[in-house]
Each structure stands twice: as C-alpha cells, then as structure tokens.
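Structure file final03.cif with mmCIF, C-alpha atoms:
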```cif
data_my_file
#
loop_
_atom_site.group_PDB
_atom_site.id
_atom_site.type_symbol
_atom_site.label_atom_id
_atom_site.label_comp_id
_atom_site.auth_asym_id
_atom_site.auth_seq_id
_atom_site.Cartn_x
_atom_site.Cartn_y
_atom_site.Cartn_z
ATOM 1 C CA MET J 1404 26.372 -16.831 43.801
ATOM 2 C CA GLY J 1405 24.268 -14.743 46.158
ATOM 3 C CA SER J 1406 21.840 -12.115 44.904
ATOM 4 C CA ALA J 1407 23.985 -9.360 46.413
ATOM 5 C CA THR J 1408 27.014 -10.653 44.515
ATOM 6 C CA THR J 1409 25.050 -10.874 41.247
ATOM 7 C CA GLN J 1410 24.214 -7.180 41.490
ATOM 8 C CA ALA J 1411 27.701 -6.249 42.685
ATOM 9 C CA LEU J 1412 29.346 -8.135 39.834
ATOM 10 C CA ALA J 1413 27.087 -6.547 37.215
ATOM 11 C CA ALA J 1414 27.924 -3.064 38.547
ATOM 12 C CA SER J 1415 31.642 -3.896 38.678
ATOM 13 C CA VAL J 1416 31.633 -5.137 35.073
ATOM 14 C CA GLN J 1417 29.980 -1.855 34.069
ATOM 15 C CA ALA J 1418 32.697 0.059 35.935
ATOM 16 C CA LEU J 1419 35.374 -1.815 33.989
ATOM 17 C CA ALA J 1420 33.537 -1.139 30.716
ATOM 18 C CA ALA J 1421 33.448 2.567 31.552
ATOM 19 C CA ALA J 1422 37.179 2.686 32.322
ATOM 20 C CA SER J 1423 39.408 4.178 29.646
ATOM 21 C CA GLY J 1424 42.789 2.828 28.630
ATOM 22 C CA VAL J 1425 42.344 -0.727 29.886
ATOM 23 C CA THR J 1426 45.557 -2.597 29.067
ATOM 24 C CA LEU J 1427 47.220 -5.879 29.909
ATOM 25 C CA ASP J 1428 48.850 -4.060 32.837
ATOM 26 C CA THR J 1429 45.340 -3.324 34.150
ATOM 27 C CA SER J 1430 44.601 -7.043 34.017
ATOM 28 C CA ARG J 1431 47.921 -7.865 35.684
ATOM 29 C CA GLU J 1432 47.212 -5.426 38.524
ATOM 30 C CA LEU J 1433 43.680 -6.760 39.022
ATOM 31 C CA PHE J 1434 45.044 -10.312 39.235
ATOM 32 C CA ALA J 1435 47.596 -9.062 41.782
ATOM 33 C CA ALA J 1436 44.797 -7.416 43.759
ATOM 34 C CA ALA J 1437 42.745 -10.620 43.774
ATOM 35 C CA HIS J 1438 45.819 -12.502 44.964
ATOM 36 C CA ALA J 1439 46.552 -9.975 47.726
ATOM 37 C CA VAL J 1440 42.945 -9.985 48.967
ATOM 38 C CA GLY J 1441 42.832 -13.785 48.829
ATOM 39 C CA GLU J 1442 46.037 -14.097 50.837
ATOM 40 C CA SER J 1443 44.914 -11.794 53.669
ATOM 41 C CA SER J 1444 41.814 -12.553 55.704
ATOM 42 C CA HIS J 1445 42.204 -9.140 57.339
ATOM 43 C CA LEU J 1446 42.195 -7.329 53.990
ATOM 44 C CA SER J 1447 39.393 -9.406 52.484
ATOM 45 C CA GLY J 1448 37.322 -8.911 55.624
ATOM 46 C CA ALA J 1449 37.836 -5.147 55.552
ATOM 47 C CA LEU J 1450 36.906 -4.835 51.879
ATOM 48 C CA ALA J 1451 33.851 -7.104 52.119
ATOM 49 C CA ASP J 1452 32.569 -5.639 55.415
ATOM 50 C CA ALA J 1453 29.061 -4.432 54.596
ATOM 51 C CA SER J 1454 28.842 -2.666 57.973
ATOM 52 C CA ALA J 1455 31.714 -0.349 57.041
ATOM 53 C CA SER J 1456 31.020 2.707 54.922
ATOM 54 C CA ALA J 1457 31.807 2.632 51.214
ATOM 55 C CA GLU J 1458 34.208 5.521 51.778
ATOM 56 C CA SER J 1459 36.196 3.586 54.377
ATOM 57 C CA ARG J 1460 36.467 0.583 52.037
ATOM 58 C CA GLN J 1461 37.648 2.847 49.247
ATOM 59 C CA ASN J 1462 40.259 4.336 51.596
ATOM 60 C CA VAL J 1463 41.592 0.821 52.225
ATOM 61 C CA VAL J 1464 41.959 0.338 48.460
ATOM 62 C CA ALA J 1465 43.754 3.680 48.130
ATOM 63 C CA ALA J 1466 46.197 2.771 50.913
ATOM 64 C CA VAL J 1467 46.891 -0.863 50.047
ATOM 65 C CA PHE J 1468 47.072 -0.462 46.270
ATOM 66 C CA ALA J 1469 48.719 2.938 46.126
ATOM 67 C CA GLY J 1470 51.364 1.599 43.737
ATOM 68 C CA PHE J 1471 48.788 0.578 41.134
ATOM 69 C CA SER J 1472 47.703 2.743 38.212
ATOM 70 C CA GLN J 1473 44.903 5.237 38.784
ATOM 71 C CA ASN J 1474 42.782 3.307 36.328
ATOM 72 C CA THR J 1475 43.042 0.075 38.334
ATOM 73 C CA ARG J 1476 42.483 1.839 41.652
ATOM 74 C CA ASP J 1477 39.318 3.448 40.279
ATOM 75 C CA VAL J 1478 37.969 0.063 39.183
ATOM 76 C CA LEU J 1479 38.808 -1.471 42.579
ATOM 77 C CA LYS J 1480 37.122 1.416 44.390
ATOM 78 C CA ALA J 1481 33.995 0.786 42.330
ATOM 79 C CA VAL J 1482 34.188 -2.917 43.220
ATOM 80 C CA VAL J 1483 34.397 -2.382 46.980
ATOM 81 C CA THR J 1484 31.620 0.199 46.892
ATOM 82 C CA GLU J 1485 29.251 -2.648 46.043
ATOM 83 C CA ARG J 1486 27.768 -5.074 48.558
ATOM 84 C CA TRP J 1487 29.133 -8.623 48.109
ATOM 85 C CA SER J 1488 27.637 -11.746 49.673
ATOM 86 C CA ASP J 1489 30.973 -12.709 51.236
ATOM 87 C CA ALA J 1490 34.716 -12.194 50.908
ATOM 88 C CA ASP J 1491 35.239 -15.206 48.620
ATOM 89 C CA GLU J 1492 32.769 -13.841 46.101
ATOM 90 C CA LEU J 1493 34.476 -10.452 46.261
ATOM 91 C CA ILE J 1494 37.760 -12.170 45.324
ATOM 92 C CA ASP J 1495 36.000 -14.071 42.533
ATOM 93 C CA GLY J 1496 34.629 -10.765 41.275
ATOM 94 C CA ILE J 1497 38.043 -9.076 41.149
ATOM 95 C CA GLU J 1498 39.448 -12.145 39.393
ATOM 96 C CA GLU J 1499 36.659 -12.010 36.811
ATOM 97 C CA LEU J 1500 37.420 -8.355 36.123
ATOM 98 C CA ALA J 1501 41.084 -9.272 35.616
ATOM 99 C CA ILE J 1502 40.092 -11.891 33.023
ATOM 100 C CA ARG J 1503 37.751 -9.444 31.309
ATOM 101 C CA ALA J 1504 40.473 -6.785 31.254
ATOM 102 C CA ALA J 1505 42.823 -9.233 29.522
ATOM 103 C CA ALA J 1506 40.152 -9.837 26.880
ATOM 104 C CA VAL J 1507 39.648 -6.087 26.419
ATOM 105 C CA ALA J 1508 43.395 -5.464 26.151
ATOM 106 C CA ASP J 1509 43.700 -7.582 22.993
ATOM 107 C CA SER J 1510 40.309 -8.009 21.346
ATOM 108 C CA GLY J 1511 41.938 -9.570 18.277
ATOM 109 C CA ALA J 1512 43.355 -12.576 20.119
ATOM 110 C CA ASP J 1513 41.313 -15.783 20.128
ATOM 111 C CA ILE J 1514 41.743 -16.219 23.864
ATOM 112 C CA GLU J 1515 38.885 -18.707 24.260
ATOM 113 C CA ALA J 1516 40.444 -21.069 21.721
ATOM 114 C CA GLU J 1517 43.875 -20.719 23.319
ATOM 115 C CA LEU J 1518 42.533 -21.477 26.794
ATOM 116 C CA PHE J 1519 40.605 -24.430 25.395
ATOM 117 C CA GLY J 1520 43.727 -25.718 23.644
ATOM 118 C CA PHE J 1521 45.701 -25.559 26.882
ATOM 119 C CA SER J 1522 42.904 -27.338 28.753
ATOM 120 C CA ARG J 1523 43.097 -30.179 26.213
ATOM 121 C CA VAL J 1524 46.869 -30.396 26.731
ATOM 122 C CA ILE J 1525 46.270 -30.755 30.459
ATOM 123 C CA ALA J 1526 43.498 -33.326 29.918
ATOM 124 C CA ALA J 1527 45.933 -35.430 27.900
ATOM 125 C CA ASN J 1528 48.767 -35.161 30.424
ATOM 126 C CA SER J 1529 47.873 -36.416 33.894
ATOM 127 C CA GLU J 1530 51.348 -35.611 35.256
ATOM 128 C CA LEU J 1531 51.037 -31.982 34.185
ATOM 129 C CA GLU J 1532 47.535 -31.744 35.650
ATOM 130 C CA LEU J 1533 48.824 -33.193 38.913
ATOM 131 C CA ALA J 1534 51.794 -30.807 38.984
ATOM 132 C CA LEU J 1535 49.560 -27.771 38.478
ATOM 133 C CA GLY J 1536 46.770 -28.972 40.769
ATOM 134 C CA SER J 1537 48.813 -30.401 43.620
ATOM 135 C CA ARG J 1538 48.801 -28.630 46.963
ATOM 136 C CA LEU J 1539 52.554 -29.204 46.997
ATOM 137 C CA GLY J 1540 54.749 -26.526 45.473
ATOM 138 C CA GLY J 1541 54.249 -22.781 45.537
ATOM 139 C CA GLY J 1542 51.947 -20.832 43.275
ATOM 140 C CA ALA J 1543 54.820 -18.791 41.885
ATOM 141 C CA ALA J 1544 56.615 -21.937 40.713
ATOM 142 C CA LYS J 1545 53.439 -23.202 39.039
ATOM 143 C CA GLY J 1546 52.946 -19.875 37.315
ATOM 144 C CA GLU J 1547 56.508 -19.921 36.024
ATOM 145 C CA LEU J 1548 56.023 -23.500 34.781
ATOM 146 C CA VAL J 1549 52.962 -22.446 32.793
ATOM 147 C CA GLU J 1550 54.783 -19.441 31.355
ATOM 148 C CA ARG J 1551 57.594 -21.710 30.124
ATOM 149 C CA LEU J 1552 55.134 -24.188 28.643
ATOM 150 C CA VAL J 1553 53.109 -21.624 26.687
ATOM 151 C CA SER J 1554 55.896 -19.178 25.814
ATOM 152 C CA GLY J 1555 55.497 -18.123 22.193
ATOM 153 C CA SER J 1556 52.578 -20.485 21.557
ATOM 154 C CA ILE J 1557 49.652 -18.419 22.856
ATOM 155 C CA SER J 1558 48.863 -14.721 23.142
ATOM 156 C CA ALA J 1559 50.057 -12.584 26.035
ATOM 157 C CA PRO J 1560 46.513 -12.200 27.486
ATOM 158 C CA ALA J 1561 45.905 -15.974 27.465
ATOM 159 C CA SER J 1562 49.315 -16.608 29.029
ATOM 160 C CA LEU J 1563 48.627 -14.043 31.764
ATOM 161 C CA ILE J 1564 45.227 -15.568 32.534
ATOM 162 C CA VAL J 1565 46.543 -19.128 32.823
ATOM 163 C CA SER J 1566 49.671 -18.299 34.829
ATOM 164 C CA SER J 1567 47.715 -16.021 37.184
ATOM 165 C CA LEU J 1568 44.999 -18.594 37.849
ATOM 166 C CA VAL J 1569 47.420 -21.390 38.724
ATOM 167 C CA ARG J 1570 49.156 -19.058 41.162
ATOM 168 C CA GLN J 1571 45.980 -18.783 43.228
ATOM 169 C CA PRO J 1572 43.696 -21.787 42.588
ATOM 170 C CA ARG J 1573 41.935 -21.489 45.967
ATOM 171 C CA GLY J 1574 41.058 -25.164 45.977
ATOM 172 C CA ARG J 1575 39.786 -25.238 42.378
ATOM 173 C CA ARG J 1576 40.960 -27.725 39.747
ATOM 174 C CA ILE J 1577 42.972 -26.319 36.862
ATOM 175 C CA ARG J 1578 40.460 -27.375 34.190
ATOM 176 C CA GLN J 1579 37.659 -25.864 36.260
ATOM 177 C CA LEU J 1580 39.596 -22.594 36.340
ATOM 178 C CA LEU J 1581 40.156 -22.657 32.577
ATOM 179 C CA ASN J 1582 36.518 -23.452 31.816
ATOM 180 C CA ARG J 1583 35.393 -20.519 33.950
ATOM 181 C CA ALA J 1584 37.912 -18.234 32.257
ATOM 182 C CA MET J 1585 36.664 -19.315 28.821
ATOM 183 C CA ARG J 1586 33.076 -18.480 29.787
ATOM 184 C CA ILE J 1587 34.124 -15.058 31.106
ATOM 185 C CA VAL J 1588 36.130 -14.188 27.978
ATOM 186 C CA SER J 1589 33.248 -15.304 25.762
ATOM 187 C CA SER J 1590 30.822 -13.207 27.808
ATOM 188 C CA GLN J 1591 33.127 -10.194 27.447
ATOM 189 C CA HIS J 1592 33.081 -10.697 23.674
ATOM 190 C CA GLY J 1593 29.308 -11.183 23.626
ATOM 191 C CA ARG J 1594 29.519 -14.883 22.783
ATOM 192 C CA VAL J 1595 28.680 -18.217 24.365
ATOM 193 C CA VAL J 1596 30.909 -21.278 24.090
ATOM 194 C CA ALA J 1597 29.748 -24.642 22.795
ATOM 195 C CA THR J 1598 31.906 -27.686 23.491
ATOM 196 C CA VAL J 1599 31.387 -30.132 20.640
ATOM 197 C CA HIS J 1600 32.369 -33.798 20.899
ATOM 198 C CA SER J 1601 32.854 -35.395 17.486
ATOM 199 C CA ALA J 1602 34.398 -38.641 16.285
ATOM 200 C CA SER J 1603 36.355 -36.737 13.633
ATOM 201 C CA GLU J 1604 37.507 -33.206 12.936
ATOM 202 C CA LEU J 1605 34.876 -30.835 11.508
ATOM 203 C CA ASN J 1606 35.723 -28.971 8.318
ATOM 204 C CA GLU J 1607 35.194 -25.231 8.010
ATOM 205 C CA ALA J 1608 31.802 -25.571 6.306
ATOM 206 C CA GLN J 1609 30.544 -27.932 9.026
ATOM 207 C CA ARG J 1610 31.775 -25.593 11.753
ATOM 208 C CA THR J 1611 30.037 -22.645 10.121
ATOM 209 C CA ARG J 1612 26.720 -24.486 9.728
ATOM 210 C CA LEU J 1613 26.796 -25.734 13.319
ATOM 211 C CA SER J 1614 27.791 -22.338 14.728
ATOM 212 C CA ASP J 1615 25.042 -20.601 12.734
ATOM 213 C CA ALA J 1616 22.416 -23.134 13.857
ATOM 214 C CA LEU J 1617 23.416 -22.807 17.526
ATOM 215 C CA SER J 1618 23.567 -19.004 17.258
ATOM 216 C CA ARG J 1619 19.958 -18.967 16.048
ATOM 217 C CA ARG J 1620 18.878 -21.341 18.810
ATOM 218 C CA TYR J 1621 20.623 -19.384 21.583
ATOM 219 C CA ASP J 1622 19.964 -15.944 20.093
ATOM 220 C CA GLY J 1623 23.591 -14.865 20.085
ATOM 221 C CA LYS J 1624 27.023 -15.586 18.690
ATOM 222 C CA VAL J 1625 28.248 -19.093 19.537
ATOM 223 C CA SER J 1626 31.910 -20.103 19.295
ATOM 224 C CA LEU J 1627 32.876 -23.755 19.017
ATOM 225 C CA ASN J 1628 35.457 -25.770 20.926
ATOM 226 C CA VAL J 1629 35.731 -29.156 19.226
ATOM 227 C CA VAL J 1630 36.900 -32.249 21.113
ATOM 228 C CA ILE J 1631 37.819 -35.282 19.005
ATOM 229 C CA ASP J 1632 36.203 -38.153 20.890
ATOM 230 C CA PRO J 1633 36.089 -41.592 19.194
ATOM 231 C CA ALA J 1634 33.623 -42.750 21.866
ATOM 232 C CA VAL J 1635 30.778 -40.819 20.218
ATOM 233 C CA LEU J 1636 31.176 -43.116 17.141
ATOM 234 C CA GLY J 1637 29.372 -40.646 14.896
ATOM 235 C CA GLY J 1638 27.155 -37.589 15.110
ATOM 236 C CA LEU J 1639 27.777 -34.841 17.636
ATOM 237 C CA ARG J 1640 27.425 -34.149 21.334
ATOM 238 C CA VAL J 1641 27.118 -30.431 22.071
ATOM 239 C CA GLN J 1642 27.241 -28.803 25.499
ATOM 240 C CA ILE J 1643 26.500 -25.142 26.209
ATOM 241 C CA ALA J 1644 26.636 -24.358 29.922
ATOM 242 C CA ASP J 1645 24.201 -26.891 31.461
ATOM 243 C CA ASP J 1646 22.442 -27.669 28.169
ATOM 244 C CA VAL J 1647 23.420 -30.889 26.374
ATOM 245 C CA ILE J 1648 22.329 -31.745 22.841
ATOM 246 C CA ASP J 1649 23.324 -35.351 22.286
ATOM 247 C CA GLY J 1650 22.895 -36.523 18.712
ATOM 248 C CA SER J 1651 25.789 -38.971 18.833
ATOM 249 C CA ILE J 1652 25.483 -42.532 17.612
ATOM 250 C CA SER J 1653 26.735 -43.763 20.992
ATOM 251 C CA ALA J 1654 23.820 -41.995 22.705
ATOM 252 C CA ARG J 1655 21.335 -43.503 20.269
ATOM 253 C CA LEU J 1656 22.770 -46.975 20.845
ATOM 254 C CA ALA J 1657 22.603 -46.493 24.607
ATOM 255 C CA ASP J 1658 18.977 -45.389 24.282
ATOM 256 C CA LEU J 1659 18.202 -48.419 22.108
ATOM 257 C CA ARG J 1660 19.850 -50.778 24.606
ATOM 258 C CA GLN J 1661 17.822 -49.237 27.417
ATOM 259 C CA LYS J 1662 14.564 -49.699 25.485
ATOM 260 C CA LEU J 1663 15.422 -53.313 24.659
ATOM 261 C CA ALA J 1664 16.296 -54.004 28.291
ATOM 262 C CA GLY J 1665 13.063 -52.429 29.472
#
```

Rewrite the coordinates I just gave you, this time as structure tokens.
Amino acid sequence: MGSATTQALAASVQALAAASGVTLDTSRELFAAAHAVGESSHLSGALADASASAESRQNVVAAVFAGFSQNTRDVLKAVVTERWSDADELIDGIEELAIRAAAVADSGADIEAELFGFSRVIAANSELELALGSRLGGGAAKGELVERLVSGSISAPASLIVSSLVRQPRGRRIRQLLNRAMRIVSSQHGRVVATVHSASELNEAQRTRLSDALSRRYDGKVSLNVVIDPAVLGGLRVQIADDVIDGSISARLADLRQKLAG
C-alpha cells in the first residue's frame, strides 16, 4: 500500500464514521460501486486521476451513481476527493468501506467468527474452494452459490460480505479475501484477531485467559479464532498478523531435533 493510499484510506474511513444512518444497504451500494469501478478501466481511471480536480471526480460519482442513496454518494465523493496511489488501491479502499459499513450496520453480529467459520468450511472442502476460486463461471453464479450455502446459518452482514467478495475476486484466493475481511471487521470493532492452533478445543475459561493475556500484550481487545489442529500435538500456536507465538509441542520437538542434528 502506497503512502498516498494510506492517507486516503484513513480519511475515507473517517468519512464513513462521520456518515449518519449507515445501513446494510449502504454496504450493498458500496460493494456495487467497487464492482462497477473494478469492471471499467475508464471509470477507475477517471476516479483515480490525480491530475483531475477533486470537483470533476466528484461530478463523475454524482453522474454514475445517481441511483444510490445520498449517504453512499457522499461517502464516495469523500473517497474520490483523496489522492490514491493507483486505481486498484482505490477499488480496494471502496471495498474496505463496504466491509466496514456491513460491520456498522449490525454491531451485535459476530461477523469475524462467522467469516472464520466459513473459511474453515472452505479449507475442508477442496471442491468448494475450487468452485469459488476458479476463473471459470461468472461472479454472479458464485455469489448465488454462497448465498444458498450460508442461507439462515450466518448473519445478513456476513452473508453480504462473502457473496460480494466472491463476485469480484480480482485474482485473489477466497481464503485470502475472507482473512482480509476478518481483519477489517475486527479493526472496525477496535479489535485484533488471533488465530489459535490447538490440538483440542479450548474451554471458555481457557479462551478467556488467553484472550486477556494477548489483549495485555497487544494493548487492545483480541478476539480468538481457534483451529483444531492435531499436528500441534499439545500447547498452542498463535498468529496475530505477522507475529507468531509458537508454544506447541510439535515446535519444541522440531527445535530439539534441530539441536540434536546440529
């Protein structure tokens, strides 16, 4: 992410936070906007053109997205006012706002856990992962497949996020898309996500102790996604972003083997 995009994204997130009446329809329209911009090199070029005036870029938004709610158009106008490193990062930015809007629309839903649960379903089903990640088949069909799979089992915001992302993967793998969405939702809720690999399920007391310990270490609320992984043998392997805390028995054995071999 370029420095220009970092600043543009921060300003755009603030614009969304300042918007009133953000609903799931706001999220749906922002996803539609990201899709429209991603599908048209002419539109993406016009909106990301730093040589054009901010007013002219806002006029493009007003013309192209005239059918959207005023709330969504205002957010999009704020987005295109900023200077983005390139058109792809502009699209990523609009997509991130759509995910954040879904999280705002239903703050009571545990969207991170639902997205994580769906990612584990995909990880366990190679045929499903292939069907959703294949270049064959249209995005609309993939979105409808996801909607049928998750109907009634996850919240409306989580369903919208997943179905919208598979409609426009832009070369990204489905689990990569879900992991990014989980990080964005957690950021919107002021949390960070820890993926915990354990040989057995953690009980509520263990989850609480681990979450509290990680929250103190990372100076913020940490939510846990637990993966049951017999390969760790015992102990835990915890990953937060690029940080890995490996206290698993398998890691200790590997370290011991390496020392004996050396």

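Our summary of the geometry notes that atom CA of J:Ser1653 is positioned 5.9 Å from atom CA of J:Leu1636.
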
Polymer residues at most 9 Å from (28.9, -23.5, 30.4) by all atoms listed in the file, as a PyMOL selection string:
chain J and resi 1582-1583+1585-1586+1595-1598+1642-1646

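Taking atom CA of J:Tyr1621 and atom CA of J:Ile1514 as the two end points, the separation is 21.5 Å.
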
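For the residues J:Val1549, J:Val1483, J:Leu1427, J:Leu1639, ranking by smallest atom-to-atom distance to J:Ser1456 using only C-alpha atoms places J:Val1483 first.
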
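Near (35.8, -7.2, 39.2), the residues inside the 7 Å limit, counting all atoms listed in the file, come to Leu1412, Ser1415, Val1416, Val1482, Gly1496, Ile1497, Glu1498, Glu1499, Leu1500 and Ala1501 of chain J.
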